[in-house]
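Heads up, the thing below is written out as structure tokens.
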Amino acid sequence: MSFESVPEGLRAVVERDCRAVQPLHPAWLRTVVAVGVLAVVLALTLASASLRCDIDRLPMWLSWGCSALQLAFGVLLIAMALREAVPGAAVPDGAIRWIAGTAFGVQVLVGVATAIYSPAVAVAGGEVTAGIGCLSREALVVLPTFLVTLWLVFRALPLRAPVAGLLGGAGAAVASDAVLHLICPMSDLRHVLVWHTGAVVLFMAAGWTAGWIWDRMRWPRSS
Amino acid sequence: MTDDRQAEEQQLIELMIDYQKGDMDAFSGLYEALKRPLIRYLWTFVRNQSAAEDLLQEAFLQLHRARRTYIPPRPVRPWVYAITRHVALMHLRSARRRKEVLPDEALPDVPVPPEVERLADRTTVRRLLAALPRTAQEVLILHHLLGLTFEEVGQVVGVAPGTAKVRAHRAIKAIRDRIAEEEGEG
């Protein structure tokens with residue numbers, strides 16, 4: 001085939017760098033990688049901490065059931081982030097709003113239901129100290145999955161990078177919170193909303209910001 | 001999808017796989033196959049031949065840089081159009097920032113989908129099509145002129161297939177209503 005139809009400048013660039021490349025793995029396979037990291041971190045977290053002291057008081061659907069539901073939403077959000085990262089496979093705006101909103105709503109509702117079923121447990125050291133402790137632990141648990149998910153997202157080519165980052169951050173945080181819900185003994189609604197829901201919001205914002213920065217670096221505005 | 005369209009898509013997939021293996025001939029084949037439809041698509045963003053041609057080069061450069069993100073055997077065209085669309089949107093955004101205004105060239109080259117073409121004479125249809133919002137024009141062009149399914153259109157522009165269908169339907173209806181209005185006034 002002749003190259004004559006290809007403009008000279010373009011041809012020169014392509015010819016300079018026409019090495020074989022390994023195509024990206026499908027989104028489901030990349031999701032398996034991120035979920036693998038999530039599973040290891042969550043298993044280690046469960047193994048290294050004791051379950052909340054009021055776990056027997058909570059109905060099964062509210063403790064393990066809601067955790068499983070949150071986990072499923074988290075994995076779904078991670079899968080959506082990784083799909084969004086592939087050009088021509090954009091996730092519809094409506095689906096993003098619906099899934100992200102529902103996952104966030106489930107996290108809040110689980111907190112509300114837990115506060116109703118179990119009286120608040122006071123933790124020594126005051127609210128803020130306990131809150132900071134929870135936030136730090138949540139950050140430690142979320143971080144590995146968050147970083148791996150964003151790495152997988154930005155290795156592809158997210159055309160709406162802030163959206164993909166936000167989905168990745170939400171997925172990692174919601175899925176990790178599923179296990180922290182079984183560990184944190186504080187059922188006080190204020191604690192849950194400020195420190196645990198706050199952590200989810202923080203990681204969503206971090207994902208969005210990472211996407212925004214990546215987008216500026218990948219598509220310089222001067223061009 | 002018609003047999004022709006399927007054969008065309010299959011050919012694009014094979015070219016893309018060879019291109020990922022480092023075959024320059026395959027790149028040339030892709031350029032030949034996609035140049036014209038991409039120029040038509042780019043017309044919905046910039047109504048200027050030289051700007052559209054510059055954007056075509058930029059789009060192919062970006063496709064080259066991103067070639068590993070194509071996952072065989074997915075359809076090639078949604079991947080290509082999504083990257084091209086992003087290149088065009090980036091261009092529009094930076095042109096807006098620089099307050100740059102490109103002159104709209106004469107309308108004859110505005111691509112007209114066949115479904116719209118038969119509604120009135122060519123000049124009227126082109127004028128009304130050009131007056132539609134870009135999101136509506138884009139869906140019309142992608143589906144009715146360039147042959148993407150509504151599912152593929154949705155994947156390119158980031159909306160549900162049903163939304164893409166509704167946008168295309170509303171765009172044709174808007175043109176039809178405007179023609180009826182103008183005929184009534186005339």
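Simple scheme: letters A, B, ... for chains in structure tokens order, numbers from 1 for residues in each chain, numbers from 1 for ligands in the order shown.
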**OP:** Please return, as a list in words, all residues of chain A lying within 6 Å of chain B when only C-alpha atoms are considered.
**Re:** Met1, Phe3, Cys18, Arg19, Ala20, Val21, Pro23, Leu24, Pro87, Gly88, Ala89, Ala90, Val91, Pro92, Asp93 and Ala156 of chain A
Subject >> All residues 9 Å or closer to A:Val112, only C-alpha atoms, same chain fewer than 2 positions away omitted, as a ChimeraX atom specification >> reply: /A:107-110,114-117,187-189,192-193
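Here atom CA of B:Glu8 and atom CA of B:Leu38 stand 15.3 Å from one another.
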Subject >> Atomic distance atom CA of B:Leu128 - atom CA of B:Ile175, expressed in Å with one decimal >> reply: 6.2 Å
**OP:** Would you mind telling me which residue in B:Glu53, B:Leu146, B:Asn48, B:Ile179 lies nearest to B:Arg118 when using only C-alpha atoms?
**Re:** B:Ile179
DSSP on the backbone: what in stretch 8-105 of chain B comes out alpha helix (DSSP H), as a PDB file with C-alpha atoms, in the first residue's frame?
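Produced file selection35.pdb, reproduced below:
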ATOM      1  CA  GLU B   8     -15.981  -2.723   6.434  1.00  0.00           C
ATOM      2  CA  GLU B   9     -15.767  -2.900  10.235  1.00  0.00           C
ATOM      3  CA  GLN B  10     -14.019  -6.276  10.040  1.00  0.00           C
ATOM      4  CA  GLN B  11     -11.485  -4.807   7.648  1.00  0.00           C
ATOM      5  CA  LEU B  12     -10.853  -1.896  10.026  1.00  0.00           C
ATOM      6  CA  ILE B  13     -10.348  -4.332  12.918  1.00  0.00           C
ATOM      7  CA  GLU B  14      -7.799  -6.322  10.898  1.00  0.00           C
ATOM      8  CA  LEU B  15      -5.969  -3.145   9.877  1.00  0.00           C
ATOM      9  CA  MET B  16      -5.923  -1.949  13.482  1.00  0.00           C
ATOM     10  CA  ILE B  17      -4.508  -5.274  14.725  1.00  0.00           C
ATOM     11  CA  ASP B  18      -1.751  -5.149  12.071  1.00  0.00           C
ATOM     12  CA  TYR B  19      -1.065  -1.505  12.941  1.00  0.00           C
ATOM     13  CA  GLN B  20      -0.624  -2.458  16.601  1.00  0.00           C
ATOM     14  CA  MET B  24       2.991   0.964   8.479  1.00  0.00           C
ATOM     15  CA  ASP B  25       0.900  -0.276   5.540  1.00  0.00           C
ATOM     16  CA  ALA B  26      -1.922  -0.885   7.979  1.00  0.00           C
ATOM     17  CA  PHE B  27      -1.652   2.699   9.234  1.00  0.00           C
ATOM     18  CA  SER B  28      -1.835   3.917   5.662  1.00  0.00           C
ATOM     19  CA  GLY B  29      -4.902   1.739   5.075  1.00  0.00           C
ATOM     20  CA  LEU B  30      -6.601   3.119   8.170  1.00  0.00           C
ATOM     21  CA  TYR B  31      -5.813   6.679   7.086  1.00  0.00           C
ATOM     22  CA  GLU B  32      -7.322   6.030   3.655  1.00  0.00           C
ATOM     23  CA  ALA B  33     -10.433   4.382   5.074  1.00  0.00           C
ATOM     24  CA  LEU B  34     -11.080   6.961   7.787  1.00  0.00           C
ATOM     25  CA  LYS B  35      -9.893  10.247   6.298  1.00  0.00           C
ATOM     26  CA  ARG B  36     -13.115  11.237   4.554  1.00  0.00           C
ATOM     27  CA  PRO B  37     -15.595  10.280   7.296  1.00  0.00           C
ATOM     28  CA  LEU B  38     -13.421  11.956   9.910  1.00  0.00           C
ATOM     29  CA  ILE B  39     -13.243  15.198   7.921  1.00  0.00           C
ATOM     30  CA  ARG B  40     -17.039  15.121   7.677  1.00  0.00           C
ATOM     31  CA  TYR B  41     -17.312  14.538  11.403  1.00  0.00           C
ATOM     32  CA  LEU B  42     -14.845  17.326  12.164  1.00  0.00           C
ATOM     33  CA  GLN B  49     -11.701  23.205   5.589  1.00  0.00           C
ATOM     34  CA  SER B  50      -8.134  23.996   6.609  1.00  0.00           C
ATOM     35  CA  ALA B  51      -8.974  23.833  10.333  1.00  0.00           C
ATOM     36  CA  ALA B  52     -10.690  20.466   9.767  1.00  0.00           C
ATOM     37  CA  GLU B  53      -7.637  19.184   7.892  1.00  0.00           C
ATOM     38  CA  ASP B  54      -5.298  20.355  10.657  1.00  0.00           C
ATOM     39  CA  LEU B  55      -7.501  18.646  13.215  1.00  0.00           C
ATOM     40  CA  LEU B  56      -7.480  15.483  11.128  1.00  0.00           C
ATOM     41  CA  GLN B  57      -3.669  15.405  11.343  1.00  0.00           C
ATOM     42  CA  GLU B  58      -3.800  16.049  15.072  1.00  0.00           C
ATOM     43  CA  ALA B  59      -6.433  13.331  15.493  1.00  0.00           C
ATOM     44  CA  PHE B  60      -4.268  10.792  13.646  1.00  0.00           C
ATOM     45  CA  LEU B  61      -1.262  11.781  15.753  1.00  0.00           C
ATOM     46  CA  GLN B  62      -3.296  11.178  18.893  1.00  0.00           C
ATOM     47  CA  LEU B  63      -4.643   7.892  17.501  1.00  0.00           C
ATOM     48  CA  HIS B  64      -1.048   6.866  16.875  1.00  0.00           C
ATOM     49  CA  ARG B  65       0.034   7.787  20.408  1.00  0.00           C
ATOM     50  CA  VAL B  76     -12.677   0.431  15.636  1.00  0.00           C
ATOM     51  CA  ARG B  77     -14.887   3.362  14.731  1.00  0.00           C
ATOM     52  CA  PRO B  78     -16.204   4.284  18.213  1.00  0.00           C
ATOM     53  CA  TRP B  79     -12.566   4.319  19.423  1.00  0.00           C
ATOM     54  CA  VAL B  80     -11.471   6.497  16.498  1.00  0.00           C
ATOM     55  CA  TYR B  81     -14.413   8.903  16.709  1.00  0.00           C
ATOM     56  CA  ALA B  82     -14.107   9.273  20.482  1.00  0.00           C
ATOM     57  CA  ILE B  83     -10.444  10.343  20.226  1.00  0.00           C
ATOM     58  CA  THR B  84     -11.179  12.599  17.237  1.00  0.00           C
ATOM     59  CA  ARG B  85     -14.049  14.205  19.138  1.00  0.00           C
ATOM     60  CA  HIS B  86     -11.768  14.868  22.097  1.00  0.00           C
ATOM     61  CA  VAL B  87      -9.136  16.454  19.837  1.00  0.00           C
ATOM     62  CA  ALA B  88     -11.831  18.702  18.329  1.00  0.00           C
ATOM     63  CA  LEU B  89     -13.232  19.676  21.735  1.00  0.00           C
ATOM     64  CA  MET B  90      -9.740  20.509  23.019  1.00  0.00           C
ATOM     65  CA  HIS B  91      -9.199  22.638  19.933  1.00  0.00           C
ATOM     66  CA  LEU B  92     -12.495  24.477  20.461  1.00  0.00           C
ATOM     67  CA  ARG B  93     -11.693  25.045  24.120  1.00  0.00           C
ATOM     68  CA  SER B  94      -8.263  26.502  23.407  1.00  0.00           C
ATOM     69  CA  ALA B  95      -9.656  28.584  20.506  1.00  0.00           C
ATOM     70  CA  ARG B  96     -12.268  30.004  22.890  1.00  0.00           C
ATOM     71  CA  ARG B  97      -9.535  30.838  25.384  1.00  0.00           C
TER      72      ARG B  97
END
Original post:
Do you know which residues are at most 10 Å from stretch 130-137 of chain B counting only C-alpha atoms, after dropping those on the same chain fewer than 3 positions away, and could you put them as a PyMOL selection string?
Top reply: chain B and resi 41+43-45+47+107+110-113+124-127+140-142+157+164+166-172+174-175
Residues as selected, C-alpha atoms, written as a compact mmCIF listing (two decimals), in the first residue's frame, can you do that?
# COMPACT_ATOMS: atom_id res chain seq x y z
CA TYR B 41 -17.31 14.54 11.40
CA TRP B 43 -17.04 19.69 10.15
CA THR B 44 -19.57 19.55 12.96
CA PHE B 45 -16.95 21.18 15.19
CA ARG B 47 -16.75 24.87 9.68
CA LEU B 107 -22.04 25.87 3.48
CA VAL B 110 -21.65 20.70 5.42
CA PRO B 111 -22.32 16.96 5.49
CA VAL B 112 -26.00 16.16 5.09
CA PRO B 113 -27.44 12.83 6.26
CA THR B 124 -32.37 24.86 2.88
CA VAL B 125 -31.42 21.57 4.52
CA ARG B 126 -27.78 22.62 4.87
CA ARG B 127 -28.76 25.97 6.35
CA LEU B 140 -27.23 13.02 13.30
CA ILE B 141 -23.90 12.88 11.49
CA LEU B 142 -22.56 9.93 13.49
CA VAL B 157 -20.36 10.98 23.16
CA ALA B 164 -28.61 9.37 21.37
CA VAL B 166 -33.89 10.78 21.12
CA ARG B 167 -31.37 13.51 20.18
CA ALA B 168 -31.30 12.34 16.55
CA HIS B 169 -35.08 12.10 16.42
CA ARG B 170 -35.50 15.58 17.90
CA ALA B 171 -32.95 17.03 15.48
CA ILE B 172 -34.80 15.67 12.44
CA ALA B 174 -36.65 20.34 14.49
CA ILE B 175 -35.55 20.53 10.86
